[in-house]
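Visitor: Coordinates in coords_15.pdb, PDB, C-alpha atoms and all ligand atoms, are listed below.
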ATOM      1  CA  MET B 233       0.000   0.000   0.000
ATOM      2  CA  LEU B 234       1.288   3.433  -0.944
ATOM      3  CA  LEU B 235      -1.146   5.783   0.722
ATOM      4  CA  ARG B 236      -3.736   5.511   3.440
ATOM      5  CA  VAL B 237      -5.978   8.448   4.210
ATOM      6  CA  ASN B 238      -7.540   7.649   7.543
ATOM      7  CA  ASP B 239     -10.749   9.398   8.627
ATOM      8  CA  ILE B 240      -9.540  12.895   7.848
ATOM      9  CA  SER B 241     -11.597  15.997   8.517
ATOM     10  CA  LYS B 242     -10.902  19.523   7.378
ATOM     11  CA  SER B 243     -12.820  22.713   8.088
ATOM     12  CA  TYR B 244     -12.260  26.297   7.030
ATOM     13  CA  LYS B 245     -13.295  29.331   9.038
ATOM     14  CA  SER B 246     -15.183  32.079   7.269
ATOM     15  CA  ARG B 247     -13.439  35.385   6.684
ATOM     16  CA  PHE B 248     -14.303  36.755  10.122
ATOM     17  CA  GLY B 249     -14.048  33.415  11.852
ATOM     18  CA  ARG B 250     -17.730  33.277  12.733
ATOM     19  CA  THR B 251     -18.865  30.248  10.792
ATOM     20  CA  ILE B 252     -16.983  27.075  10.120
ATOM     21  CA  ARG B 253     -17.411  25.088   6.950
ATOM     22  CA  GLU B 254     -16.545  21.421   7.225
ATOM     23  CA  VAL B 255     -15.219  20.444   3.803
ATOM     24  CA  LEU B 256     -13.982  16.918   4.505
ATOM     25  CA  ARG B 257     -15.681  14.775   7.093
ATOM     26  CA  GLU B 258     -13.927  11.640   8.359
ATOM     27  CA  THR B 259     -13.126  10.513   4.857
ATOM     28  CA  SER B 260     -10.797   7.667   3.972
ATOM     29  CA  LEU B 261      -8.960   6.362   0.935
ATOM     30  CA  VAL B 262      -6.492   3.607   0.195
ATOM     31  CA  LEU B 263      -4.173   3.792  -2.788
ATOM     32  CA  GLU B 264      -1.926   0.945  -3.862
ATOM     33  CA  LYS B 265       1.451   1.473  -5.527
ATOM     34  CA  GLY B 266       0.885   2.433  -9.161
ATOM     35  CA  GLU B 267      -2.876   2.685  -8.772
ATOM     36  CA  LYS B 268      -4.602   5.428 -10.764
ATOM     37  CA  ILE B 269      -7.850   6.919  -9.569
ATOM     38  CA  ALA B 270     -10.135   9.728 -10.661
ATOM     39  CA  VAL B 271     -11.914  11.999  -8.192
ATOM     40  CA  ALA B 272     -15.048  13.753  -9.369
ATOM     41  CA  GLY B 273     -17.463  15.957  -7.449
ATOM     42  CA  PRO B 274     -19.212  19.318  -7.610
ATOM     43  CA  SER B 275     -17.399  22.629  -7.374
ATOM     44  CA  GLY B 276     -16.639  23.376  -3.738
ATOM     45  CA  SER B 277     -16.903  19.744  -2.631
ATOM     46  CA  GLY B 278     -13.282  19.710  -1.438
ATOM     47  CA  LYS B 279     -11.315  18.063  -4.267
ATOM     48  CA  THR B 280      -8.478  20.594  -4.230
ATOM     49  CA  THR B 281      -8.512  20.525  -0.422
ATOM     50  CA  LEU B 282      -8.046  16.751  -0.522
ATOM     51  CA  LEU B 283      -5.098  16.962  -2.941
ATOM     52  CA  ASN B 284      -3.478  19.669  -0.819
ATOM     53  CA  LEU B 285      -3.738  17.460   2.262
ATOM     54  CA  ILE B 286      -2.365  14.368   0.504
ATOM     55  CA  GLY B 287       0.527  16.431  -0.867
ATOM     56  CA  ALA B 288       1.223  17.960   2.567
ATOM     57  CA  LEU B 289       0.609  21.503   1.332
ATOM     58  CA  ASP B 290      -1.936  21.726   4.157
ATOM     59  CA  PHE B 291      -2.849  19.536   7.116
ATOM     60  CA  PRO B 292      -6.063  17.853   8.284
ATOM     61  CA  ASP B 293      -7.760  18.923  11.526
ATOM     62  CA  GLN B 294      -8.327  15.304  12.418
ATOM     63  CA  GLY B 295      -7.301  11.929  11.077
ATOM     64  CA  GLU B 296      -4.070  10.764   9.603
ATOM     65  CA  ILE B 297      -2.397  10.522   6.209
ATOM     66  CA  ILE B 298       0.062   7.663   6.002
ATOM     67  CA  PHE B 299       2.496   7.438   3.119
ATOM     68  CA  ASN B 300       4.589   4.298   2.694
ATOM     69  CA  GLY B 301       3.794   3.407   6.279
ATOM     70  CA  LYS B 302       4.840   6.782   7.699
ATOM     71  CA  PRO B 303       2.349   9.329   9.041
ATOM     72  CA  LEU B 304       2.874  12.780   7.524
ATOM     73  CA  SER B 305       2.025  14.334  10.887
ATOM     74  CA  GLY B 306       5.168  12.785  12.364
ATOM     75  CA  MET B 307       7.529  14.407   9.848
ATOM     76  CA  THR B 308       9.664  17.470  10.449
ATOM     77  CA  ALA B 309       9.450  20.464   8.094
ATOM     78  CA  LYS B 310      12.600  19.261   6.365
ATOM     79  CA  GLN B 311      11.258  15.733   5.928
ATOM     80  CA  LEU B 312       7.999  17.158   4.549
ATOM     81  CA  ALA B 313       9.879  19.271   2.017
ATOM     82  CA  GLY B 314      11.782  16.150   0.940
ATOM     83  CA  PHE B 315       8.539  14.163   0.740
ATOM     84  CA  ARG B 316       6.884  16.810  -1.467
ATOM     85  CA  ASN B 317       9.870  17.070  -3.743
ATOM     86  CA  ARG B 318      10.809  13.403  -4.115
ATOM     87  CA  GLU B 319       7.577  11.465  -3.729
ATOM     88  CA  ILE B 320       4.929  13.793  -5.134
ATOM     89  CA  GLY B 321       4.447  15.306  -8.578
ATOM     90  CA  PHE B 322       1.897  18.114  -8.694
ATOM     91  CA  ILE B 323      -0.024  19.201 -11.788
ATOM     92  CA  PHE B 324      -2.386  22.132 -11.371
ATOM     93  CA  GLN B 325      -5.309  23.333 -13.448
ATOM     94  CA  SER B 326      -3.246  26.128 -14.905
ATOM     95  CA  HIS B 327       0.318  25.124 -15.481
ATOM     96  CA  HIS B 328       2.109  27.224 -12.782
ATOM     97  CA  LEU B 329       5.284  27.400 -14.875
ATOM     98  CA  LEU B 330       7.729  30.166 -14.049
ATOM     99  CA  PRO B 331       7.335  32.810 -16.784
ATOM    100  CA  GLN B 332      10.928  34.035 -16.739
ATOM    101  CA  LEU B 333      12.409  30.549 -17.278
ATOM    102  CA  THR B 334      12.560  28.557 -20.492
ATOM    103  CA  LEU B 335      10.693  25.302 -20.806
ATOM    104  CA  TRP B 336      13.980  23.420 -20.276
ATOM    105  CA  GLU B 337      14.754  25.404 -17.101
ATOM    106  CA  ASN B 338      11.207  24.968 -15.830
ATOM    107  CA  ILE B 339      11.297  21.195 -15.962
ATOM    108  CA  LEU B 340      14.633  21.155 -14.135
ATOM    109  CA  VAL B 341      13.360  23.178 -11.165
ATOM    110  CA  PRO B 342      12.309  20.109  -9.125
ATOM    111  CA  VAL B 343      15.597  18.267  -9.683
ATOM    112  CA  LEU B 344      17.995  21.074  -8.854
ATOM    113  CA  PRO B 345      17.865  20.574  -5.061
ATOM    114  CA  GLY B 346      18.573  16.842  -5.467
ATOM    115  CA  ASN B 347      21.971  15.230  -5.544
ATOM    116  CA  GLU B 348      21.497  13.061  -8.610
ATOM    117  CA  PRO B 349      24.379  13.566 -11.076
ATOM    118  CA  ARG B 350      23.552  16.384 -13.504
ATOM    119  CA  LYS B 351      24.406  14.262 -16.522
ATOM    120  CA  LEU B 352      21.752  11.677 -15.641
ATOM    121  CA  VAL B 353      19.189  14.383 -14.911
ATOM    122  CA  TYR B 354      19.796  16.117 -18.243
ATOM    123  CA  ARG B 355      19.573  12.831 -20.109
ATOM    124  CA  ARG B 356      16.245  12.020 -18.496
ATOM    125  CA  ALA B 357      14.922  15.545 -19.132
ATOM    126  CA  ALA B 358      15.912  15.276 -22.792
ATOM    127  CA  GLU B 359      14.238  11.859 -23.125
ATOM    128  CA  LEU B 360      11.011  13.136 -21.627
ATOM    129  CA  LEU B 361      10.980  16.225 -23.827
ATOM    130  CA  LYS B 362      11.538  14.167 -26.962
ATOM    131  CA  GLU B 363       8.822  11.749 -25.927
ATOM    132  CA  THR B 364       6.343  14.577 -25.382
ATOM    133  CA  GLY B 365       7.155  16.495 -28.547
ATOM    134  CA  LEU B 366       8.606  19.467 -26.658
ATOM    135  CA  TRP B 367      12.285  19.064 -27.495
ATOM    136  CA  GLU B 368      12.345  21.504 -30.415
ATOM    137  CA  ILE B 369      10.789  24.285 -28.349
ATOM    138  CA  ARG B 370      12.734  23.739 -25.133
ATOM    139  CA  HIS B 371      14.365  27.180 -25.215
ATOM    140  CA  GLN B 372      11.050  29.038 -25.397
ATOM    141  CA  LYS B 373       9.383  30.604 -22.381
ATOM    142  CA  PRO B 374       5.822  29.778 -21.251
ATOM    143  CA  GLY B 375       4.506  33.030 -22.754
ATOM    144  CA  GLU B 376       5.660  31.765 -26.146
ATOM    145  CA  LEU B 377       3.966  28.365 -25.822
ATOM    146  CA  SER B 378       0.396  27.208 -26.447
ATOM    147  CA  GLY B 379      -1.835  26.128 -23.544
ATOM    148  CA  GLY B 380      -1.394  22.463 -24.473
ATOM    149  CA  GLU B 381       2.390  22.802 -24.651
ATOM    150  CA  CYS B 382       2.451  24.469 -21.232
ATOM    151  CA  GLN B 383       0.373  21.677 -19.699
ATOM    152  CA  ARG B 384       2.603  19.033 -21.326
ATOM    153  CA  THR B 385       5.586  20.819 -19.826
ATOM    154  CA  ALA B 386       3.839  20.720 -16.449
ATOM    155  CA  VAL B 387       3.388  16.945 -16.859
ATOM    156  CA  VAL B 388       7.106  16.511 -17.595
ATOM    157  CA  ARG B 389       8.008  18.692 -14.614
ATOM    158  CA  ALA B 390       5.720  16.626 -12.362
ATOM    159  CA  LEU B 391       7.290  13.360 -13.516
ATOM    160  CA  ILE B 392      10.944  14.352 -13.762
ATOM    161  CA  ASN B 393      11.755  13.100 -10.256
ATOM    162  CA  ARG B 394       9.951   9.778 -10.800
ATOM    163  CA  PRO B 395       7.432  10.495  -8.026
ATOM    164  CA  SER B 396       5.572   7.565  -6.522
ATOM    165  CA  LEU B 397       2.386   9.646  -6.519
ATOM    166  CA  VAL B 398       1.153  12.208  -9.047
ATOM    167  CA  LEU B 399      -1.557  14.617  -7.882
ATOM    168  CA  ALA B 400      -3.325  16.293 -10.789
ATOM    169  CA  ASP B 401      -6.003  18.932 -10.180
ATOM    170  CA  GLU B 402      -8.134  19.244 -13.311
ATOM    171  CA  PRO B 403      -5.019  19.174 -15.472
ATOM    172  CA  THR B 404      -7.048  19.519 -18.658
ATOM    173  CA  GLY B 405      -9.385  22.245 -17.413
ATOM    174  CA  SER B 406      -7.973  24.899 -19.731
ATOM    175  CA  LEU B 407      -7.643  22.676 -22.833
ATOM    176  CA  ASP B 408      -9.939  21.799 -25.718
ATOM    177  CA  SER B 409     -11.026  18.170 -25.895
ATOM    178  CA  GLU B 410      -8.362  17.124 -28.422
ATOM    179  CA  ASN B 411      -5.542  18.582 -26.319
ATOM    180  CA  ALA B 412      -7.171  17.271 -23.144
ATOM    181  CA  ASN B 413      -7.183  13.701 -24.452
ATOM    182  CA  MET B 414      -3.600  14.016 -25.645
ATOM    183  CA  LEU B 415      -2.513  15.267 -22.231
ATOM    184  CA  ILE B 416      -4.251  12.475 -20.345
ATOM    185  CA  ASP B 417      -2.847   9.834 -22.703
ATOM    186  CA  LEU B 418       0.588  11.265 -22.052
ATOM    187  CA  LEU B 419       0.096  11.416 -18.301
ATOM    188  CA  VAL B 420      -1.181   7.835 -18.107
ATOM    189  CA  ARG B 421       1.496   6.526 -20.492
ATOM    190  CA  LEU B 422       4.405   8.143 -18.645
ATOM    191  CA  GLY B 423       2.874   7.413 -15.241
ATOM    192  CA  THR B 424       2.391   3.739 -16.109
ATOM    193  CA  LYS B 425       5.955   3.450 -17.367
ATOM    194  CA  GLU B 426       7.255   4.877 -14.099
ATOM    195  CA  GLU B 427       4.692   2.961 -12.009
ATOM    196  CA  SER B 428       3.501   6.196 -10.430
ATOM    197  CA  ALA B 429       0.183   6.142  -8.610
ATOM    198  CA  MET B 430      -2.163   8.968  -9.573
ATOM    199  CA  VAL B 431      -5.039  10.946  -8.159
ATOM    200  CA  VAL B 432      -6.622  12.904 -10.992
ATOM    201  CA  VAL B 433      -9.388  15.388 -10.241
ATOM    202  CA  THR B 434     -11.561  15.665 -13.310
ATOM    203  CA  HIS B 435     -15.064  16.541 -14.443
ATOM    204  CA  SER B 436     -14.647  14.486 -17.592
ATOM    205  CA  MET B 437     -16.227  11.037 -17.566
ATOM    206  CA  GLU B 438     -14.057  10.142 -20.542
ATOM    207  CA  ILE B 439     -10.894  10.858 -18.582
ATOM    208  CA  ALA B 440     -12.202   9.280 -15.391
ATOM    209  CA  SER B 441     -13.117   6.038 -17.147
ATOM    210  CA  GLY B 442      -9.484   5.605 -18.211
ATOM    211  CA  MET B 443      -8.414   5.387 -14.547
ATOM    212  CA  ASP B 444      -8.457   2.205 -12.479
ATOM    213  CA  LYS B 445     -11.180   3.443 -10.150
ATOM    214  CA  ILE B 446     -13.503   6.416  -9.902
ATOM    215  CA  TYR B 447     -14.476   8.147  -6.670
ATOM    216  CA  ASN B 448     -17.030  10.847  -6.048
ATOM    217  CA  LEU B 449     -16.517  13.450  -3.378
ATOM    218  CA  GLY B 450     -19.735  14.686  -1.830
ATOM    219  CA  SER B 451     -20.894  15.731   1.641
ATOM    220  CA  GLY B 452     -17.282  15.580   2.791
ATOM    221  CA  LYS B 453     -16.775  11.936   1.897
ATOM    222  CA  LEU B 454     -15.203   9.926  -0.896
ATOM    223  CA  LYS B 455     -17.301   7.118  -2.309
ATOM    224  CA  ARG B 456     -16.587   4.652  -5.087
ATOM    225  CA  ALA B 457     -18.628   5.564  -8.154
ATOM    226  CA  VAL B 458     -21.169   3.088  -9.427
ATOM    227  CA  PRO B 459     -19.468  -0.028 -10.778
ATOM    228  CA  GLY B 460     -18.842  -0.261 -14.479
ATOM    229  CA  GLN B 461     -17.123   3.071 -14.893
ATOM    230  CA  GLY B 462     -13.432   2.829 -13.947
ATOM    231  CA  ARG B 463     -11.140   0.453 -15.849
ATOM    232  CA  LYS B 464     -10.935  -2.010 -12.973
ATOM    233  CA  GLU B 465     -14.643  -1.606 -12.411
ATOM    234  CA  GLN B 466     -15.506  -2.721 -15.911
ATOM    235  CA  GLY B 467     -14.154  -6.217 -15.428
ATOM    236  CA  ALA B 468     -14.917  -8.783 -12.775
ATOM    237  CA  PRO B 469     -15.975  -7.208  -9.485
ATOM    238  CA  GLU B 470     -12.961  -6.710  -7.273
ATOM    239  CA  GLN B 471     -12.919  -6.775  -3.491
ATOM    240  CA  ASP B 472     -13.536  -3.255  -2.294
ATOM    241  CA  LYS B 473     -10.666  -2.919   0.143
ATOM    242  CA  ASP B 474     -11.654   0.481   1.418
ATOM    243  CA  ALA B 475     -15.366  -0.098   1.855
TER     244      ALA B 475
HETATM  245  N1  LIG B 501      -8.080  28.570   2.362
HETATM  246  C1  LIG B 501      -9.413  28.545   2.457
HETATM  247  N2  LIG B 501     -10.064  29.298   3.380
HETATM  248  C2  LIG B 501     -11.402  29.244   3.496
HETATM  249  N3  LIG B 501     -12.197  28.461   2.745
HETATM  250  C3  LIG B 501     -11.612  27.692   1.820
HETATM  251  C4  LIG B 501     -10.197  27.678   1.620
HETATM  252  N4  LIG B 501      -9.900  26.810   0.632
HETATM  253  C5  LIG B 501     -11.090  26.297   0.228
HETATM  254  N5  LIG B 501     -12.115  26.810   0.934
HETATM  255  C6  LIG B 501     -13.538  26.445   0.792
HETATM  256  O1  LIG B 501     -13.649  25.032   0.915
HETATM  257  C7  LIG B 501     -14.561  24.501  -0.016
HETATM  258  C8  LIG B 501     -13.862  23.432  -0.854
HETATM  259  O2  LIG B 501     -12.896  24.057  -1.681
HETATM  260  P1  LIG B 501     -12.057  23.251  -2.763
HETATM  261  O3  LIG B 501     -11.201  24.245  -3.440
HETATM  262  O4  LIG B 501     -11.404  22.107  -2.105
HETATM  263  O5  LIG B 501     -13.225  22.727  -3.726
HETATM  264  P2  LIG B 501     -13.109  21.964  -5.125
HETATM  265  O6  LIG B 501     -13.910  20.711  -5.006
HETATM  266  O7  LIG B 501     -11.698  21.857  -5.527
HETATM  267  O8  LIG B 501     -13.887  22.970  -6.103
HETATM  268  P3  LIG B 501     -13.619  23.294  -7.673
HETATM  269  O9  LIG B 501     -14.203  22.131  -8.442
HETATM  270  O10 LIG B 501     -14.414  24.540  -7.893
HETATM  271  O11 LIG B 501     -12.159  23.479  -7.877
HETATM  272  C9  LIG B 501     -15.081  25.683  -0.805
HETATM  273  O12 LIG B 501     -16.330  26.040  -0.270
HETATM  274  C10 LIG B 501     -14.071  26.777  -0.575
HETATM  275  O13 LIG B 501     -14.670  28.031  -0.594
HETATM  276 MG    MG B 502     -10.548  22.697  -7.061
END
For this file, produce the structure as structure tokens.
Guide:
Amino acid sequence: MLLRVNDISKSYKSRFGRTIREVLRETSLVLEKGEKIAVAGPSGSGKTTLLNLIGALDFPDQGEIIFNGKPLSGMTAKQLAGFRNREIGFIFQSHHLLPQLTLWENILVPVLPGNEPRKLVYRRAAELLKETGLWEIRHQKPGELSGGECQRTAVVRALINRPSLVLADEPTGSLDSENANMLIDLLVRLGTKEESAMVVVTHSMEIASGMDKIYNLGSGKLKRAVPGQGRKEQGAPEQDKDA
């Protein structure tokens, strides 16, 4: 097991602290190594909140998130920074690339703090760029790239460190359907090659049905979507480990 989210709750205070909105309510999730899931749910249901908690960008009020057997709450700030950098690849709805850096420099940002030999890092970066059709434009800056090219760059940046878990928050939200499908194919292809697990927040049933399982977030809880939708749910019924 890669990740166990154990009965987590998260509330936000209103602007003046008078009312409290409980976004996640004792919700749980189990993710195996390499497992790819989609999370759907209405706007405001807490999908981004959930990704932020799993990626240790924020912390639950109650409950525990356990990654590779270690609770995130027991880690020091330094260990958490290492966890975010080495184990997690983030992809956001808009690409979050640094505008003053070239595409090549952008994808190297996550690897610079590491101590992997530069030669190996550059070779891997070059391979990924060639594989994603970005090699020829690697010296351009995000402002000189199309939306699809920026999101592909964001996928490469998320995968450059071979993370064990990729967290993608509506990664195709700003793309037309052709570019969206291309991006998801790329994400799944590269992620499968690297055996990365994935949590992909998406409104698209087409994208969700390409994942192993589909969850819906509603009323603060994650529930498996009706059988027959995710890839693993189309075949023989599988034991629902997290029921
Ligand atoms: N930092 C914050 N402070 C206060 N309230 C917040 C904060 N972040 C999120 N919220 C509230 O928590 C709820 C869940 O937000 P979240 O961004 O997780 O939803 P979401 O499911 O990702 O929505 P969308 O599909 O629109 O992206 C919303 O009502 C939002 O207003
Ligand atoms: Mg969101």
Visitor: Taking the file as shown, find all residues satisfying the PyMOL selection byres (((chain B and resi 331) around 12) and not hetatm) and write them as a VMD selection string.
Guide: chain B and resid 327 to 330 332 to 335 337 to 338 372 to 377 382
Visitor: Could you save the residues just selected, with C-alpha atoms, as an mmCIF file, in the frame of the given file?
Guide:
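Resulting contents of again_29.cif:
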data_model
loop_
_atom_site.group_PDB
_atom_site.id
_atom_site.type_symbol
_atom_site.label_atom_id
_atom_site.label_comp_id
_atom_site.auth_asym_id
_atom_site.auth_seq_id
_atom_site.Cartn_x
_atom_site.Cartn_y
_atom_site.Cartn_z
ATOM 1 C CA HIS B 327 0.318 25.124 -15.481
ATOM 2 C CA HIS B 328 2.109 27.224 -12.782
ATOM 3 C CA LEU B 329 5.284 27.400 -14.875
ATOM 4 C CA LEU B 330 7.729 30.166 -14.049
ATOM 5 C CA GLN B 332 10.928 34.035 -16.739
ATOM 6 C CA LEU B 333 12.409 30.549 -17.278
ATOM 7 C CA THR B 334 12.560 28.557 -20.492
ATOM 8 C CA LEU B 335 10.693 25.302 -20.806
ATOM 9 C CA GLU B 337 14.754 25.404 -17.101
ATOM 10 C CA ASN B 338 11.207 24.968 -15.830
ATOM 11 C CA GLN B 372 11.050 29.038 -25.397
ATOM 12 C CA LYS B 373 9.383 30.604 -22.381
ATOM 13 C CA PRO B 374 5.822 29.778 -21.251
ATOM 14 C CA GLY B 375 4.506 33.030 -22.754
ATOM 15 C CA GLU B 376 5.660 31.765 -26.146
ATOM 16 C CA LEU B 377 3.966 28.365 -25.822
ATOM 17 C CA CYS B 382 2.451 24.469 -21.232
#
Visitor: Would you mind telling me which residue in B:Gly249, B:Gly365, B:Gly321, B:Gly450 lies nearest to Ala288 of chain B when using all atoms listed in the file?
Guide: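 That would be B:Gly321, the residue with the smallest distance to Ala288 of chain B.
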Visitor: Tell me, as a list in words, which residues lie within 10 Å of Leu285 of chain B, counting all atoms listed in the file; anything in the same chain fewer than 4 positions away does not count.
Guide: Val237, Ile240, Lys242, Thr280, Thr281, Leu289, Asp290, Phe291, Pro292, Glu296, Ile297 and Leu304 of chain B
Visitor: How big is the axis-aligned box around all listed atoms of segment 310-329 of chain B once 8 Å goes on each side, and where's its centre, in Å to one decimal, as AutoDock Vina command-line options?
Guide:
--center_x 3.6 --center_y 19.4 --center_z -4.6 --size_x 33.9 --size_y 31.9 --size_z 37.8
Visitor: Here's the selection I'm unsure about, the PyMOL selection byres (((not hetatm)) within 10 of (chain B and resi 502)); applied to the file above, which residues does it give, as a PyMOL selection string?
Guide: chain B and resi 273-284+324-325+401-402+433-434
Visitor: Find the residue from B:Gly462, B:Gly295, B:Pro403, B:Gly442 that sits nearest to ligand LIG 501 (chain B); use all atoms listed in the file when measuring.
Guide: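 Ranking B:Gly462, B:Gly295, B:Pro403, B:Gly442 by distance to ligand LIG 501 (chain B), first place goes to B:Pro403.
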Visitor: Starting from the sparse input, extend segment 355-371 of chain B to N, CA, C and O atoms and give the output as a short mmCIF file (atom, residue, chain, number, x, y, z; two decimals), keeping the file's coordinate frame.
Guide:
data_model
loop_
_atom_site.label_atom_id
_atom_site.label_comp_id
_atom_site.auth_asym_id
_atom_site.auth_seq_id
_atom_site.Cartn_x
_atom_site.Cartn_y
_atom_site.Cartn_z
N ARG B 355 19.94 13.87 -19.15
CA ARG B 355 19.57 12.83 -20.11
C ARG B 355 18.09 12.48 -19.98
O ARG B 355 17.38 12.35 -20.96
N ARG B 356 17.65 12.36 -18.72
CA ARG B 356 16.24 12.02 -18.50
C ARG B 356 15.33 13.16 -18.97
O ARG B 356 14.29 12.92 -19.59
N ALA B 357 15.72 14.39 -18.70
CA ALA B 357 14.92 15.54 -19.13
C ALA B 357 14.80 15.55 -20.66
O ALA B 357 13.72 15.74 -21.21
N ALA B 358 15.92 15.28 -21.33
CA ALA B 358 15.91 15.28 -22.79
C ALA B 358 15.01 14.16 -23.32
O ALA B 358 14.22 14.37 -24.24
N GLU B 359 15.09 12.98 -22.70
CA GLU B 359 14.24 11.86 -23.12
C GLU B 359 12.76 12.22 -23.01
O GLU B 359 11.97 12.00 -23.93
N LEU B 360 12.42 12.79 -21.86
CA LEU B 360 11.01 13.14 -21.63
C LEU B 360 10.54 14.20 -22.62
O LEU B 360 9.42 14.13 -23.13
N LEU B 361 11.38 15.16 -22.89
CA LEU B 361 10.98 16.23 -23.83
C LEU B 361 10.80 15.68 -25.24
O LEU B 361 9.89 16.09 -25.96
N LYS B 362 11.67 14.76 -25.62
CA LYS B 362 11.54 14.17 -26.96
C LYS B 362 10.26 13.35 -27.03
O LYS B 362 9.52 13.40 -28.01
N GLU B 363 10.00 12.60 -25.97
CA GLU B 363 8.82 11.75 -25.93
C GLU B 363 7.52 12.56 -25.96
O GLU B 363 6.50 12.09 -26.44
N THR B 364 7.56 13.78 -25.45
CA THR B 364 6.34 14.58 -25.38
C THR B 364 6.27 15.62 -26.49
O THR B 364 5.40 16.49 -26.47
N GLY B 365 7.20 15.57 -27.41
CA GLY B 365 7.16 16.50 -28.55
C GLY B 365 7.52 17.92 -28.18
O GLY B 365 7.11 18.87 -28.86
N LEU B 366 8.28 18.11 -27.11
CA LEU B 366 8.61 19.47 -26.66
C LEU B 366 10.07 19.84 -26.89
O LEU B 366 10.48 20.95 -26.62
N TRP B 367 10.83 18.88 -27.39
CA TRP B 367 12.28 19.06 -27.50
C TRP B 367 12.67 20.28 -28.34
O TRP B 367 13.51 21.08 -27.95
N GLU B 368 11.99 20.42 -29.49
CA GLU B 368 12.34 21.50 -30.42
C GLU B 368 12.09 22.89 -29.81
O GLU B 368 12.69 23.86 -30.23
N ILE B 369 11.17 22.97 -28.88
CA ILE B 369 10.79 24.28 -28.35
C ILE B 369 11.30 24.50 -26.93
O ILE B 369 10.83 25.38 -26.21
N ARG B 370 12.32 23.71 -26.53
CA ARG B 370 12.73 23.74 -25.13
C ARG B 370 13.33 25.06 -24.68
O ARG B 370 13.40 25.33 -23.49
N HIS B 371 13.77 25.91 -25.62
CA HIS B 371 14.36 27.18 -25.22
C HIS B 371 13.35 28.33 -25.20
O HIS B 371 13.71 29.47 -24.94
#
